[in-house]
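**Student:** Sharing entry.txt below, compact mmCIF, C-alpha atoms and all ligand atoms:
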# COMPACT_ATOMS: atom_id res chain seq x y z
CA MET U 1 -45.79 53.53 35.47
CA ALA U 2 -47.37 55.53 32.68
CA ILE U 3 -45.90 53.66 29.73
CA GLN U 4 -48.40 51.12 28.42
CA TRP U 5 -46.20 49.07 26.18
CA PHE U 6 -47.23 46.10 24.13
CA PRO U 7 -44.37 44.80 22.02
CA GLY U 8 -46.03 43.29 18.98
CA HIS U 9 -44.50 40.53 16.88
CA MET U 10 -41.41 40.26 19.09
CA HIS U 11 -41.66 36.50 19.05
CA LEU U 12 -41.38 36.41 15.28
CA THR U 13 -38.49 38.88 15.27
CA LYS U 14 -36.67 36.74 17.82
CA GLN U 15 -37.03 33.63 15.67
CA VAL U 16 -35.85 35.39 12.56
CA ILE U 17 -32.81 36.98 14.24
CA THR U 18 -31.89 33.62 15.77
CA GLU U 19 -31.91 32.11 12.27
CA ARG U 20 -30.09 35.00 10.59
CA ILE U 21 -27.35 35.31 13.22
CA LYS U 22 -25.87 31.96 12.18
CA ALA U 23 -24.51 33.52 8.99
CA ILE U 24 -23.49 36.89 10.48
CA ASP U 25 -19.97 37.99 11.44
CA VAL U 26 -20.67 41.29 13.20
CA VAL U 27 -23.80 42.87 14.66
CA ILE U 28 -24.29 46.63 14.45
CA GLU U 29 -26.55 47.84 17.22
CA LEU U 30 -27.86 51.30 16.56
CA LEU U 31 -28.48 53.24 19.76
CA ASP U 32 -29.85 56.71 20.39
CA ALA U 33 -26.86 58.72 21.64
CA ARG U 34 -29.22 60.71 23.89
CA LEU U 35 -30.24 57.55 25.76
CA PRO U 36 -27.79 54.77 24.90
CA GLY U 37 -28.71 52.42 27.74
CA SER U 38 -32.47 52.82 27.39
CA SER U 39 -32.46 52.48 23.60
CA ALA U 40 -30.72 49.08 23.76
CA ASN U 41 -32.82 45.95 23.54
CA PRO U 42 -31.76 43.40 26.19
CA MET U 43 -33.18 40.56 24.10
CA LEU U 44 -30.85 41.49 21.24
CA ALA U 45 -27.84 41.22 23.55
CA GLN U 46 -28.87 37.64 24.39
CA LEU U 47 -29.55 36.66 20.79
CA THR U 48 -26.29 38.07 19.48
CA ALA U 49 -24.01 37.32 22.43
CA SER U 50 -21.89 34.98 20.29
CA ARG U 51 -21.03 37.71 17.77
CA PRO U 52 -18.80 40.78 17.99
CA THR U 53 -20.87 43.94 18.27
CA LEU U 54 -20.43 47.46 16.98
CA LYS U 55 -22.46 49.91 19.05
CA VAL U 56 -23.32 52.94 16.95
CA LEU U 57 -24.44 55.93 19.01
CA ASN U 58 -26.61 57.57 16.40
CA LYS U 59 -28.00 61.14 16.44
CA GLN U 60 -24.79 62.29 18.09
CA ASP U 61 -25.58 65.82 16.86
CA MET U 62 -28.44 65.93 19.41
CA ALA U 63 -26.50 64.37 22.29
CA ASP U 64 -24.23 65.99 24.84
CA PRO U 65 -20.65 65.38 23.60
CA LEU U 66 -19.37 65.44 27.18
CA ARG U 67 -21.55 62.40 27.85
CA THR U 68 -21.11 60.64 24.50
CA ALA U 69 -17.39 60.23 25.27
CA PRO U 70 -17.89 58.23 28.50
CA TRP U 71 -20.52 56.07 26.81
CA LEU U 72 -18.03 55.22 24.04
CA THR U 73 -15.37 54.40 26.65
CA HIS U 74 -17.90 52.26 28.52
CA TYR U 75 -18.76 50.17 25.44
CA ASN U 76 -15.19 50.03 24.13
CA SER U 77 -14.12 48.45 27.41
CA GLN U 78 -16.49 45.52 26.88
CA PRO U 79 -15.08 42.37 25.27
CA GLY U 80 -15.91 41.85 21.60
CA THR U 81 -17.39 45.32 21.38
CA ARG U 82 -16.46 48.58 19.68
CA ALA U 83 -18.38 51.82 19.69
CA ILE U 84 -18.57 54.85 17.43
CA ALA U 85 -20.83 57.90 17.35
CA LEU U 86 -22.53 59.00 14.13
CA ASP U 87 -25.21 61.28 12.80
CA SER U 88 -27.08 61.49 9.54
CA SER U 89 -24.83 64.30 8.30
CA ASP U 90 -21.71 62.13 8.67
CA THR U 91 -20.42 61.86 5.12
CA ALA U 92 -17.91 59.18 6.01
CA ALA U 93 -20.41 56.94 7.84
CA ALA U 94 -19.90 54.01 5.48
CA GLN U 95 -16.10 54.09 5.81
CA ARG U 96 -16.31 54.32 9.58
CA LEU U 97 -18.76 51.44 9.78
CA ILE U 98 -16.69 49.26 7.47
CA ALA U 99 -13.41 49.97 9.29
CA SER U 100 -14.93 49.27 12.72
CA CYS U 101 -16.54 46.01 11.57
CA ARG U 102 -13.30 44.83 9.94
CA ALA U 103 -11.47 45.48 13.21
CA LEU U 104 -14.02 43.31 15.01
CA ALA U 105 -13.75 40.38 12.57
CA PRO U 106 -10.27 40.64 11.01
CA LEU U 107 -10.41 37.14 9.54
CA ARG U 108 -13.36 37.99 7.31
CA GLY U 109 -13.00 39.83 4.01
CA GLY U 110 -12.24 39.16 0.37
CA MET U 111 -14.61 37.59 -2.15
CA VAL U 112 -14.34 34.11 -0.62
CA LYS U 113 -15.23 35.16 2.92
CA PRO U 114 -17.17 38.43 2.56
CA MET U 115 -18.07 40.25 5.75
CA ARG U 116 -21.73 39.76 6.71
CA VAL U 117 -23.14 42.35 9.07
CA LEU U 118 -26.58 42.62 10.67
CA ILE U 119 -27.86 46.10 11.57
CA CYS U 120 -30.44 46.36 14.36
CA GLY U 121 -32.13 49.13 16.28
CA ILE U 122 -35.37 50.01 18.00
CA PRO U 123 -37.89 52.16 16.06
CA ASN U 124 -37.01 55.81 15.48
CA VAL U 125 -33.32 55.35 16.27
CA GLY U 126 -32.48 56.42 12.69
CA LYS U 127 -31.90 53.08 11.00
CA SER U 128 -33.77 53.91 7.78
CA THR U 129 -32.05 57.28 7.49
CA LEU U 130 -28.63 55.71 7.92
CA ILE U 131 -29.35 52.83 5.54
CA ASN U 132 -30.72 55.25 2.94
CA SER U 133 -27.62 57.40 3.09
CA LEU U 134 -25.40 54.31 2.83
CA VAL U 135 -27.40 53.02 -0.12
CA ARG U 136 -27.25 56.37 -1.92
CA LYS U 137 -23.47 56.43 -1.50
CA ARG U 138 -23.23 52.97 -2.98
CA ALA U 139 -25.28 53.77 -6.12
CA ALA U 140 -28.36 51.93 -4.84
CA LYS U 141 -26.70 48.56 -4.64
CA ALA U 142 -29.40 47.26 -2.34
CA ALA U 143 -31.14 44.01 -3.11
CA ASP U 144 -34.07 42.16 -1.66
CA GLU U 145 -32.90 38.73 -0.78
CA ALA U 146 -35.23 35.78 -0.54
CA GLY U 147 -34.72 34.71 3.01
CA VAL U 148 -36.57 34.21 6.23
CA THR U 149 -38.64 37.31 5.66
CA LYS U 150 -39.92 38.48 2.32
CA ALA U 151 -38.19 41.81 2.13
CA GLU U 152 -34.93 41.32 3.92
CA GLN U 153 -32.59 43.96 2.60
CA ARG U 154 -29.00 43.19 1.73
CA ILE U 155 -26.84 46.21 1.06
CA SER U 156 -23.40 45.87 -0.37
CA LEU U 157 -21.17 48.53 1.20
CA ALA U 158 -18.05 47.20 -0.51
CA ASP U 159 -17.47 44.29 -2.85
CA ASP U 160 -16.79 42.03 0.12
CA PHE U 161 -19.03 43.69 2.71
CA TYR U 162 -22.76 42.94 3.04
CA LEU U 163 -25.09 44.73 5.42
CA TYR U 164 -28.36 43.00 6.32
CA ASP U 165 -31.27 44.99 7.70
CA THR U 166 -32.95 43.41 10.74
CA PRO U 167 -36.00 41.46 9.84
CA GLY U 168 -39.08 42.46 11.83
CA MET U 169 -39.41 45.12 14.48
CA LEU U 170 -37.07 45.29 17.40
CA TRP U 171 -39.09 46.94 20.15
CA PRO U 172 -37.43 48.06 23.34
CA ARG U 173 -38.20 45.98 26.41
CA ILE U 174 -38.88 48.29 29.27
CA ILE U 175 -37.71 46.83 32.56
CA VAL U 176 -36.27 50.09 33.81
CA ALA U 177 -38.98 52.60 34.70
CA LYS U 178 -36.74 55.55 33.86
CA SER U 179 -35.99 54.03 30.44
CA GLY U 180 -39.69 54.04 29.64
CA TYR U 181 -39.85 57.77 30.26
CA ASN U 182 -36.65 58.45 28.31
CA LEU U 183 -37.87 56.39 25.35
CA ALA U 184 -41.19 58.23 25.41
CA ALA U 185 -39.43 61.62 25.56
CA SER U 186 -37.23 60.68 22.60
CA GLY U 187 -40.16 59.59 20.42
CA ALA U 188 -39.31 55.87 20.33
CA VAL U 189 -42.61 54.94 21.97
CA GLY U 190 -45.92 55.75 20.27
CA ARG U 191 -47.98 58.59 21.76
CA ASN U 192 -50.87 56.35 22.77
CA ALA U 193 -48.59 54.46 25.12
CA PHE U 194 -47.89 57.25 27.57
CA ASP U 195 -49.18 60.31 29.31
CA ASP U 196 -47.52 63.52 28.08
CA GLU U 197 -47.69 65.26 31.44
CA GLU U 198 -46.07 62.38 33.28
CA VAL U 199 -43.29 62.11 30.71
CA ALA U 200 -42.68 65.88 30.74
CA LEU U 201 -42.53 65.94 34.54
CA GLU U 202 -39.97 63.11 34.56
CA LEU U 203 -37.99 64.87 31.86
CA LEU U 204 -37.96 68.17 33.77
CA ASP U 205 -37.06 66.36 36.98
CA TYR U 206 -33.94 65.03 35.26
CA LEU U 207 -33.06 68.14 33.25
CA LYS U 208 -33.17 70.47 36.24
CA GLY U 209 -30.13 68.60 37.57
CA PRO U 210 -27.39 68.66 34.90
CA TYR U 211 -29.16 70.97 32.44
CA ALA U 212 -30.78 73.58 34.72
CA ASP U 213 -29.05 76.43 32.84
CA ARG U 214 -30.59 75.27 29.54
CA LEU U 215 -34.10 75.32 31.05
CA GLN U 216 -33.50 78.77 32.49
CA ALA U 217 -32.25 80.09 29.15
CA ARG U 218 -34.93 78.49 26.98
CA TYR U 219 -37.90 79.43 29.17
CA LYS U 220 -36.46 82.66 30.61
CA LEU U 221 -36.80 81.48 34.19
CA SER U 222 -34.96 83.15 37.05
CA GLU U 223 -34.61 79.87 38.93
CA VAL U 224 -35.26 76.20 38.32
CA THR U 225 -33.77 74.07 41.07
CA GLY U 226 -35.94 75.52 43.85
CA LEU U 227 -39.15 74.59 42.01
CA SER U 228 -40.99 71.28 42.23
CA ASP U 229 -41.53 69.49 38.90
CA ASP U 230 -45.19 70.57 38.83
CA GLU U 231 -44.29 74.18 39.60
CA LEU U 232 -41.65 74.10 36.89
CA LEU U 233 -44.08 72.76 34.28
CA THR U 234 -46.68 75.38 35.28
CA GLU U 235 -44.08 78.15 35.12
CA ILE U 236 -42.97 77.03 31.66
CA GLY U 237 -46.59 76.91 30.51
CA ARG U 238 -47.13 80.46 31.79
CA LYS U 239 -43.98 81.78 30.10
CA ARG U 240 -44.83 80.12 26.80
CA GLY U 241 -48.49 81.17 26.78
CA ALA U 242 -49.94 77.67 27.21
CA LEU U 243 -53.07 79.03 28.89
CA GLN U 244 -56.70 78.04 29.05
CA SER U 245 -59.80 80.04 29.83
CA GLY U 246 -59.49 82.00 33.04
CA GLY U 247 -55.76 82.41 32.50
CA ARG U 248 -54.92 79.06 34.08
CA VAL U 249 -51.98 77.12 32.67
CA ASN U 250 -52.87 74.29 30.33
CA THR U 251 -50.44 71.69 31.67
CA GLN U 252 -51.13 69.24 28.83
CA LYS U 253 -50.08 71.87 26.31
CA ALA U 254 -47.07 72.82 28.43
CA ALA U 255 -46.03 69.16 28.58
CA GLU U 256 -46.27 68.80 24.79
CA LEU U 257 -44.14 71.95 24.43
CA VAL U 258 -41.39 70.61 26.70
CA ILE U 259 -41.31 67.19 25.01
CA ASN U 260 -41.24 68.79 21.58
CA ASP U 261 -38.42 71.16 22.59
CA PHE U 262 -36.36 68.18 23.73
CA ARG U 263 -37.07 66.16 20.58
CA THR U 264 -36.25 68.97 18.22
CA GLY U 265 -33.07 69.95 20.02
CA GLN U 266 -34.35 73.38 21.16
CA LEU U 267 -32.82 72.74 24.58
CA GLY U 268 -29.43 72.09 23.02
CA PRO U 269 -27.56 68.80 22.89
CA ILE U 270 -28.71 66.70 25.82
CA THR U 271 -28.08 63.14 27.04
CA LEU U 272 -30.57 61.74 29.52
CA GLU U 273 -28.36 59.13 31.15
CA THR U 274 -24.73 58.39 32.03
CA PRO U 275 -23.36 54.82 32.11
CA GLU U 276 -23.24 54.95 35.92
CA GLU U 277 -26.82 56.19 36.23
CA PHE U 278 -28.09 53.61 33.80
CA ASP U 279 -26.31 50.79 35.66
CA LEU U 280 -28.08 51.81 38.86
CA TRP U 281 -31.48 52.01 37.15
CA LEU U 282 -30.88 48.66 35.48
CA ALA U 283 -29.94 46.94 38.74
CA ALA U 284 -33.12 48.29 40.39
CA GLY U 285 -35.24 47.32 37.36
CA GLN U 286 -33.81 43.81 37.22
CA LYS U 287 -34.45 43.32 40.94
CA LEU U 288 -38.08 44.37 40.50
CA ASP U 289 -38.39 42.19 37.42
CA ALA U 290 -37.03 39.18 39.31
CA GLU U 291 -39.45 39.82 42.20
CA ARG U 292 -42.34 40.07 39.75
CA GLN U 293 -41.25 36.79 38.16
CA VAL U 294 -41.14 35.01 41.53
CA LYS U 295 -44.70 36.23 42.23
CA LYS U 296 -45.87 35.14 38.78
CA ASP U 297 -44.28 31.70 39.21
CA ALA U 298 -45.95 31.28 42.61
CA ILE U 299 -49.34 32.21 41.16
CA GLU U 300 -48.84 29.78 38.29
CA LEU U 301 -47.75 27.00 40.65
CA ASN U 302 -50.82 27.53 42.83
CA ARG U 303 -53.03 27.52 39.75
CA LEU U 304 -51.59 24.20 38.60
CA ILE U 305 -51.96 22.69 42.08
CA LYS U 306 -55.52 23.99 42.36
CA PHE U 307 -56.51 22.41 39.09
CA LYS U 308 -54.62 19.24 40.07
CA LYS U 309 -52.26 19.41 37.13
CA ILE U 310 -49.36 18.78 39.53
CA PRO U 311 -49.23 17.53 43.15
CA ARG U 312 -48.48 19.96 45.95
CA PRO U 313 -44.74 19.76 46.79
CA PRO U 314 -43.98 18.18 50.19
CA ARG U 315 -43.39 20.64 52.98
CA ALA U 316 -39.85 21.10 54.26
CA PRO U 317 -39.23 19.10 57.45
CA ASN U 318 -39.37 21.20 60.60
CA THR U 319 -35.83 21.69 61.81
CA ASP U 320 -36.71 23.61 64.95
CA THR U 321 -35.29 21.36 67.67
CA ARG U 322 -37.06 23.26 70.42
CA GLN U 323 -40.41 22.04 69.24
CA ASP U 324 -42.04 18.92 70.56
CA PRO U 325 -42.01 16.40 67.68
CA SER U 326 -45.55 15.42 68.50
CA GLN U 327 -46.54 18.98 67.56
CA ASP U 328 -44.73 18.79 64.17
CA GLN U 329 -46.95 20.64 61.69
CA SER U 330 -45.27 18.95 58.69
CA GLN U 331 -47.21 15.82 59.61
CA ASP U 332 -50.38 17.76 59.78
CA THR U 333 -53.83 16.81 58.77
CA SER U 334 -54.94 20.33 57.97
CA SER U 335 -56.87 21.10 54.83
CA ASP U 336 -53.58 22.06 53.08
CA ALA U 337 -52.20 18.54 53.32
CA LEU U 338 -52.43 16.32 50.26
CA THR U 339 -55.21 13.83 50.06
CA PRO U 340 -54.21 10.41 48.68
CA ASP U 341 -56.03 11.34 45.53
CA GLU U 342 -53.85 14.42 45.00
CA THR U 343 -50.64 12.42 45.22
CA GLN U 344 -51.62 10.31 42.24
CA PRO U 345 -49.81 11.23 39.02
P1 LIG W 1 -35.99 54.25 12.13
O1 LIG W 1 -35.83 53.76 10.73
O2 LIG W 1 -34.93 53.71 13.03
O3 LIG W 1 -37.36 54.04 12.68
O4 LIG W 1 -35.74 55.83 12.14
P2 LIG W 1 -35.71 56.88 10.97
O5 LIG W 1 -34.53 56.68 10.09
O6 LIG W 1 -37.05 56.93 10.31
O7 LIG W 1 -35.44 58.22 11.77
C1 LIG W 1 -36.34 58.70 12.78
C2 LIG W 1 -36.17 60.20 12.90
O8 LIG W 1 -34.86 60.50 13.34
C3 LIG W 1 -36.36 60.96 11.60
O9 LIG W 1 -36.92 62.22 11.89
C4 LIG W 1 -34.93 61.18 11.11
O10 LIG W 1 -34.80 62.29 10.26
C5 LIG W 1 -34.24 61.43 12.43
N1 LIG W 1 -32.81 61.11 12.39
C6 LIG W 1 -32.22 59.99 11.94
N2 LIG W 1 -30.89 60.03 12.11
C7 LIG W 1 -30.63 61.23 12.66
C8 LIG W 1 -29.41 61.86 13.11
O11 LIG W 1 -28.31 61.34 13.03
N3 LIG W 1 -29.55 63.10 13.67
C9 LIG W 1 -30.78 63.71 13.81
N4 LIG W 1 -30.82 64.91 14.38
N5 LIG W 1 -31.93 63.13 13.42
C10 LIG W 1 -31.85 61.91 12.86
P3 LIG W 1 -38.46 62.52 11.73
O12 LIG W 1 -38.69 63.89 12.25
O13 LIG W 1 -39.25 61.42 12.36
O14 LIG W 1 -38.68 62.40 10.20
P4 LIG W 1 -38.21 63.44 9.08
O15 LIG W 1 -38.72 64.75 9.49
O16 LIG W 1 -36.73 63.41 9.02
O17 LIG W 1 -38.87 62.90 7.86
Can I see the file as structure tokens?
Ligand code: G4P
**Tutor:**
Amino acid sequence: MAIQWFPGHMHLTKQVITERIKAIDVVIELLDARLPGSSANPMLAQLTASRPTLKVLNKQDMADPLRTAPWLTHYNSQPGTRAIALDSSDTAAAQRLIASCRALAPLRGGMVKPMRVLICGIPNVGKSTLINSLVRKRAAKAADEAGVTKAEQRISLADDFYLYDTPGMLWPRIIVAKSGYNLAASGAVGRNAFDDEEVALELLDYLKGPYADRLQARYKLSEVTGLSDDELLTEIGRKRGALQSGGRVNTQKAAELVINDFRTGQLGPITLETPEEFDLWLAAGQKLDAERQVKKDAIELNRLIKFKKIPRPPRAPNTDTRQDPSQDQSQDTSSDALTPDETQP
């Protein structure tokens, strides 16, 4: 896996969200409409499970509308959840946000019980842009509120509607390999964390399925699907003049070109995952994660036993009835068996 990801300060963010959520009625989770599943933070879902959630698929102008619709249906079918798609040019963003939040918490509202909403999103998902446009519309009615963090922003979107910016940074947690690549392609992961060529190859591998015609049109290629990912990247580099001495293709430069074209929308509106695809990736990622955890636990257990912090657990009795009881290995005196000393607390 090429994504070297070190989520900094997540522990602090977790604590602060846990504290803040107690006085919150609705959580707005900002997602990147081009990669809704990958741009979600699984930790946030756990921390906010007790609150209704509005999923905002942001940057909808860059996403494939034919795929945004099924994502909205997918989220709208979940209990306590509504979903809308937005982009920074949406002039009615504030009204749409307010109406959707009110529908999620109909008992809140009015000066006595104002609606309190927390807005969260991973870096680069467009949170600052959206908040800035909301603040401008509301004649800069934003205030720093003394709270768990120094500069926690409270924005009043209506007289009885407060929007709180997430304290701290909400990094994505990458348990799905494909999500890592999609996050890197979108710009949510810093450049030092991944290898451009690997990300571009993964991106091309996906695009040449549903978006082969876009690649053909953008890079003036006669065919795409018959080429391997490496051949495709090389061909793109040749067509776009990403060459080095001797006329060879500079694949690093070609990779940067492809990633940049995706980020800036030169390939047209594209969505890198469908709900069904993401579910499959997630199931595979969770299985791997669970296997890794079992291995880690076993290593930790052995370490504790080795340093005599805990006694070795007794072996399971041998239930094989065909075996002569006198040969029962569970009674053994091998070097693995506990010495009297090891059984002491
Ligand atoms: P963040 O606070 O969540 O980290 O994200 P931020 O608002 O800084 O937005 C990250 C980038 O995404 C910015 O581009 C911003 O202009 C762009 N962006 C935000 N919302 C939308 C949207 O709805 N549609 C599109 N197409 N882009 C959006 P940038 O190139 O990093 O910065 P800049 O050139 O805008 O200064």
**Student:** In Å, with one decimal, what is the gap from CA of Leu232 in chain U to atom C2 of ligand LIG 1 (chain W)?
**Tutor:**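 Rounded to one decimal, the two atoms are 28.3 Å apart.
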**Student:** Residues of chain U that approach ligand LIG 1 (chain W) to 6 Å or less, counting only C-alpha atoms and all ligand atoms: could you list each one with the shortest pair of atoms and its distance in Å to one decimal, rows by chain and increasing residue number, as CSV?
**Tutor:**
residue,atom,partner,partner_atom,distance
U:Asn58,CA,W:LIG1,O11,5.3
U:Lys59,CA,W:LIG1,O11,3.4
U:Asp61,CA,W:LIG1,N3,5.8
U:Met62,CA,W:LIG1,N4,5.7
U:Asp87,CA,W:LIG1,O11,3.1
U:Ser88,CA,W:LIG1,O11,3.7
U:Pro123,CA,W:LIG1,O3,3.9
U:Asn124,CA,W:LIG1,O3,3.3
U:Val125,CA,W:LIG1,O2,4.0
U:Gly126,CA,W:LIG1,O5,3.3
U:Lys127,CA,W:LIG1,O2,3.7
U:Ser128,CA,W:LIG1,O1,3.6
U:Thr129,CA,W:LIG1,O5,3.6
**Student:** Give me the residues within 12 Å of Leu66 in chain U as JSON, numbers by chain, counting all atoms listed in the file and dropping any in the same chain fewer than 3 places off.
**Tutor:** {"U": [33, 34, 60, 62, 63, 69, 70, 71, 72, 73, 210, 269, 270, 271, 273, 274]}
**Student:** Keeping C-alpha atoms, export the residues of the selection given above as a PDB file, keeping the file's coordinate frame.
**Tutor:**
ATOM      1  CA  ALA U  33     -26.860  58.720  21.640  1.00  0.00           C
ATOM      2  CA  ARG U  34     -29.220  60.710  23.890  1.00  0.00           C
ATOM      3  CA  GLN U  60     -24.790  62.290  18.090  1.00  0.00           C
ATOM      4  CA  MET U  62     -28.440  65.930  19.410  1.00  0.00           C
ATOM      5  CA  ALA U  63     -26.500  64.370  22.290  1.00  0.00           C
ATOM      6  CA  ALA U  69     -17.390  60.230  25.270  1.00  0.00           C
ATOM      7  CA  PRO U  70     -17.890  58.230  28.500  1.00  0.00           C
ATOM      8  CA  TRP U  71     -20.520  56.070  26.810  1.00  0.00           C
ATOM      9  CA  LEU U  72     -18.030  55.220  24.040  1.00  0.00           C
ATOM     10  CA  THR U  73     -15.370  54.400  26.650  1.00  0.00           C
ATOM     11  CA  PRO U 210     -27.390  68.660  34.900  1.00  0.00           C
ATOM     12  CA  PRO U 269     -27.560  68.800  22.890  1.00  0.00           C
ATOM     13  CA  ILE U 270     -28.710  66.700  25.820  1.00  0.00           C
ATOM     14  CA  THR U 271     -28.080  63.140  27.040  1.00  0.00           C
ATOM     15  CA  GLU U 273     -28.360  59.130  31.150  1.00  0.00           C
ATOM     16  CA  THR U 274     -24.730  58.390  32.030  1.00  0.00           C
TER      17      THR U 274
END
**Student:** Using only C-alpha atoms, can you tell me which of U:Ala85, U:Leu130, U:Leu163, U:Leu201 comes closest to Ile98 in chain U?
**Tutor:**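 Result for the nearest residue to Ile98 in chain U: U:Leu163.
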**Student:** Could you give me, as a VMD selection string, the residues within 10 Å of Leu207 in chain U, counting only C-alpha atoms and dropping anything in the same chain fewer than 3 positions from it?
**Tutor:** chain U and resid 201 to 204 210 to 215 224 to 225 267 270 to 272
**Student:** For range 7-91 of chain U versus range 180-198 of chain U, which residues have an atom no more than 7 Å away, and what is each residue's nearest atom pair and distance in Å rounded to one decimal, using all atoms listed in the file, chain-then-number order, as JSON lines?
**Tutor:**
{"residue": "U:Leu35", "atom": "CA", "partner": "U:Asn182", "partner_atom": "CA", "distance": 7.0}
{"residue": "U:Ser38", "atom": "CA", "partner": "U:Leu183", "partner_atom": "CA", "distance": 6.8}
{"residue": "U:Ser39", "atom": "CA", "partner": "U:Leu183", "partner_atom": "CA", "distance": 6.9}
**Student:** Dump C-alpha atoms for the selected residues as an mmCIF file, in the coordinates of the input?
**Tutor:**
data_model
loop_
_atom_site.group_PDB
_atom_site.id
_atom_site.type_symbol
_atom_site.label_atom_id
_atom_site.label_comp_id
_atom_site.auth_asym_id
_atom_site.auth_seq_id
_atom_site.Cartn_x
_atom_site.Cartn_y
_atom_site.Cartn_z
ATOM 1 C CA LEU U 35 -30.240 57.550 25.760
ATOM 2 C CA SER U 38 -32.470 52.820 27.390
ATOM 3 C CA SER U 39 -32.460 52.480 23.600
#
**Student:** Quick one: everything within 12 Å of Leu104 in chain U, counting only C-alpha atoms, minus sequence neighbours fewer than 5 positions away in the same chain. Send it as a ChimeraX atom specification.
**Tutor:** /U:25-28,51-55,76,79-83,97-99,109,115-117
**Student:** Could you please determine the separation between CA of Asp32 in chain U and CA of Val56 in chain U in Å, to one decimal place?
**Tutor:**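 Computed distance, CA of Asp32 in chain U to CA of Val56 in chain U, equals 8.3 Å.
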**Student:** Can you measure CA of Ile21 in chain U to CA of Asp90 in chain U for me? One decimal in Å is fine.
**Tutor:**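 Taking CA of Ile21 in chain U as the start and CA of Asp90 in chain U as the end point, the length is 27.8 Å.
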**Student:** With all atoms listed in the file as the atoms that count, which of U:Ile119, U:Asp205, U:Gly268, U:Phe278 lies nearest to Cys101 in chain U?
**Tutor:**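 Closest residue, counting all atoms listed in the file: U:Ile119.
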**Student:** Can you tell me, as a PyMOL selection string, what residues are no more than 8 Å from range 282-297 of chain U when counting only C-alpha atoms, ignoring any on the same chain fewer than 3 positions away?
**Tutor:** chain U and resi 175-177+278-279+300-301
**Student:** Using all atoms listed in the file, which of U:Arg102, U:Pro42, U:Ala94, U:Leu118 sits nearest Val135 in chain U?
**Tutor:** U:Ala94
**Student:** Would you mind telling me which residue in U:Val249, U:Lys178, U:Ala255, U:Thr234 lies nearest to Ala200 in chain U when using all atoms listed in the file?
**Tutor:** U:Ala255
**Student:** Go through U:Ala49, U:Leu44, U:Ile131, U:Cys120 and flag the residue nearest Thr166 in chain U, using all atoms listed in the file for the distances.
**Tutor:**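 For Thr166 in chain U, the nearest of the given residues is U:Cys120.
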**Student:** Pick the closest to Ser89 in chain U from U:Ile122, U:Ala103, U:Leu134, U:Ala298: which is it, counting only C-alpha atoms?
**Tutor:** U:Leu134
